[in-house]
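For reference, the structure discussed in these notes is given below.
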Amino acid sequence: MTPVTSLGPRTLKGRFVTLEPLEERHHEALLKAAASDPDIWRYIPVDPETKFASRLPWMVKENEEGRLITFVVRRNADDAIVGSTSYLAIQPADARVEIGFTWYVPEAQGGPVN
C-alpha cells in the first residue's frame, strides 16, 4: 500500500463548519462549550470539569508531534466553537486513521454541524 501524506495539522473548511487544529488559544472557548451540558460526556469517559482541562496541553503537544490531531469544531454561521473531533491511531504506512473523541454542544447535535 502507498503511504499517505501528512494529515495535518491543517484547517479544514466546509460549508457549515471549520475544523481548526487545537491550539492553546482555543482552550477557554472549548472548555466553556464542554461545560455547557453534562450529557455531552455521557458516553465519553472524561470528567469535563477536571480531566478534560488537564488533557488540553497534552493534546496540543500531540498535535505538534503528529501522533494525534485534535480539531476544534467552529460553526461557520456564528463563528462559535461547538465541539471537538480527533484523528487517532494514525497509521500513514497503512493509509489508516481513526476518527473519534467527537462531541458537540446540544444545539449543534443532529443538524448540519453533526
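How things are named: the first chain in the C-alpha cells is A, the next is B, and so on; residues count from 1 in each chain; ligands count from 1 in the order shown.
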Discussion item. Just want the 12 Å neighbourhood of range 54-66 of chain A, counted on only C-alpha atoms, with same-chain residues fewer than 6 positions away dropped. Output as a VMD selection string.
Written reply: chain A and resid 5 to 10 20 to 28 30 to 31 34 46 to 48 72 84 to 92 101
Discussion item. Using only C-alpha atoms, which protein or nucleic acid residues come within 12 Å of Ile44 in chain A? Drop anything in the same chain fewer than 5 positions from it, and give the result as number ranges by chain.
Written reply: A: 34, 38-39, 51-52, 100-104
Expected file contents, prior selection, C-alpha atoms, as a CSV table (one decimal), in the first residue's frame:
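again.csv was written with the following content:
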chain,number,residue,atom,x,y,z
A,34,ALA,CA,-17.5,21.3,27.1
A,38,PRO,CA,-23.1,17.2,31.3
A,39,ASP,CA,-24.9,14.9,28.8
A,51,LYS,CA,-9.7,15.7,33.4
A,52,PHE,CA,-10.6,17.4,30.1
A,100,GLY,CA,-13.2,9.8,17.3
A,101,PHE,CA,-13.4,11.6,20.6
A,102,THR,CA,-16.1,13.7,18.9
A,103,TRP,CA,-18.5,15.7,20.9
A,104,TYR,CA,-20.8,18.7,20.2
Item to complete: Give me every helix (DSSP H, G or I) residue in chain A, going by DSSP on the backbone, as number ranges by chain.
Response: A: 24-34, 38-41, 51-65, 92-94, 106-108
Item to complete: Figure out the distance between CA of Ile99 in chain A and CA of Val113 in chain A, please, to one decimal in Å.
Response: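 Answer for the CA of Val113 in chain A to CA of Ile99 in chain A separation: 15.6 Å.
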Worksheet item: Could you state the separation of CA of Arg96 in chain A and CA of Leu68 in chain A in Å, given to one decimal place?
Response: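 So the two atoms, CA of Arg96 in chain A and CA of Leu68 in chain A, lie 12.8 Å apart.
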Item to complete: Enumerate the residues of range 3-100 of chain A with a DSSP assignment of strand (DSSP E or B), computed from the backbone, and present them as JSON, numbers by chain.
Response: {"A": [12, 13, 17, 18, 19, 20, 21, 69, 70, 71, 72, 73, 74, 75, 81, 82, 83, 84, 85, 86, 87, 88, 89, 90, 91, 96, 97, 98, 99, 100]}
Okay, now the selection with N, CA and C atoms, as a CSV table (one decimal), in the first residue's frame?
chain,number,residue,atom,x,y,z
A,12,LEU,N,-9.5,22.7,8.1
A,12,LEU,CA,-10.4,22.1,7.1
A,12,LEU,C,-11.7,22.9,7.1
A,13,LYS,N,-12.0,23.6,6.0
A,13,LYS,CA,-13.2,24.5,6.0
A,13,LYS,C,-14.3,23.9,5.1
A,17,VAL,N,-19.1,24.0,8.9
A,17,VAL,CA,-18.1,24.1,9.9
A,17,VAL,C,-16.7,24.2,9.4
A,18,THR,N,-15.8,24.7,10.3
A,18,THR,CA,-14.4,24.7,10.1
A,18,THR,C,-13.7,24.0,11.2
A,19,LEU,N,-12.9,23.1,10.8
A,19,LEU,CA,-12.1,22.3,11.8
A,19,LEU,C,-10.7,22.9,11.9
A,20,GLU,N,-10.4,23.4,13.1
A,20,GLU,CA,-9.1,24.1,13.3
A,20,GLU,C,-8.3,23.2,14.2
A,21,PRO,N,-7.0,23.0,13.9
A,21,PRO,CA,-6.2,22.2,14.8
A,21,PRO,C,-6.1,22.9,16.2
A,69,ILE,N,-4.3,14.3,16.1
A,69,ILE,CA,-4.7,15.6,15.6
A,69,ILE,C,-6.1,15.9,16.1
A,70,THR,N,-6.2,16.8,17.0
A,70,THR,CA,-7.4,17.2,17.6
A,70,THR,C,-7.8,18.5,17.0
A,71,PHE,N,-9.1,18.6,16.6
A,71,PHE,CA,-9.6,19.8,16.0
A,71,PHE,C,-10.7,20.4,16.9
A,72,VAL,N,-10.8,21.7,16.9
A,72,VAL,CA,-12.0,22.3,17.5
A,72,VAL,C,-12.9,22.5,16.3
A,73,VAL,N,-14.2,22.4,16.6
A,73,VAL,CA,-15.2,22.5,15.5
A,73,VAL,C,-15.8,23.9,15.7
A,74,ARG,N,-15.7,24.7,14.7
A,74,ARG,CA,-16.2,26.1,14.7
A,74,ARG,C,-17.4,26.1,13.7
A,75,ARG,N,-18.5,26.5,14.2
A,75,ARG,CA,-19.7,26.7,13.4
A,75,ARG,C,-19.6,28.0,12.5
A,81,ILE,N,-17.3,28.1,18.7
A,81,ILE,CA,-16.7,26.8,18.9
A,81,ILE,C,-17.8,25.9,19.6
A,82,VAL,N,-18.2,24.8,18.9
A,82,VAL,CA,-19.3,24.0,19.3
A,82,VAL,C,-18.9,22.5,19.6
A,83,GLY,N,-17.6,22.2,19.6
A,83,GLY,CA,-17.2,20.9,19.9
A,83,GLY,C,-15.8,20.6,19.4
A,84,SER,N,-15.5,19.3,19.4
A,84,SER,CA,-14.2,18.8,19.0
A,84,SER,C,-14.3,17.5,18.4
A,85,THR,N,-13.3,17.1,17.6
A,85,THR,CA,-13.1,15.8,17.0
A,85,THR,C,-11.7,15.6,16.8
A,86,SER,N,-11.3,14.3,16.7
A,86,SER,CA,-9.8,14.0,16.6
A,86,SER,C,-9.6,12.9,15.6
A,87,TYR,N,-8.4,13.0,15.0
A,87,TYR,CA,-7.8,11.8,14.3
A,87,TYR,C,-6.9,11.1,15.3
A,88,LEU,N,-7.2,9.8,15.4
A,88,LEU,CA,-6.5,8.9,16.4
A,88,LEU,C,-5.9,7.8,15.7
A,89,ALA,N,-5.0,7.1,16.3
A,89,ALA,CA,-4.4,5.8,15.7
A,89,ALA,C,-3.9,6.1,14.3
A,90,ILE,N,-3.2,7.1,14.1
A,90,ILE,CA,-2.8,7.5,12.7
A,90,ILE,C,-1.7,6.5,12.3
A,91,GLN,N,-1.9,5.9,11.1
A,91,GLN,CA,-1.0,4.9,10.6
A,91,GLN,C,-0.8,5.2,9.1
A,96,ARG,N,-4.3,4.7,7.1
A,96,ARG,CA,-5.4,4.4,8.0
A,96,ARG,C,-5.4,5.4,9.1
A,97,VAL,N,-6.6,5.9,9.5
A,97,VAL,CA,-6.8,6.8,10.6
A,97,VAL,C,-8.1,6.5,11.3
A,98,GLU,N,-8.2,6.6,12.6
A,98,GLU,CA,-9.5,6.5,13.3
A,98,GLU,C,-10.0,7.9,13.6
A,99,ILE,N,-11.3,8.2,13.4
A,99,ILE,CA,-11.8,9.5,13.8
A,99,ILE,C,-12.7,9.2,15.0
A,100,GLY,N,-12.4,10.0,16.0
A,100,GLY,CA,-13.2,9.8,17.3
A,100,GLY,C,-13.0,10.9,18.3
Discussion item. So, with only C-alpha atoms as the atoms that count, which of A:Asp37, A:Ala93, A:Asp78, A:Phe16 lies closest to Gly111 in chain A?
Written reply: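 Using only C-alpha atoms, the shortest distance to Gly111 in chain A belongs to A:Phe16.
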Fill in: Separation of CA of Ala80 in chain A from CA of Arg42 in chain A, in Å and rounded to one decimal
22.5 Å
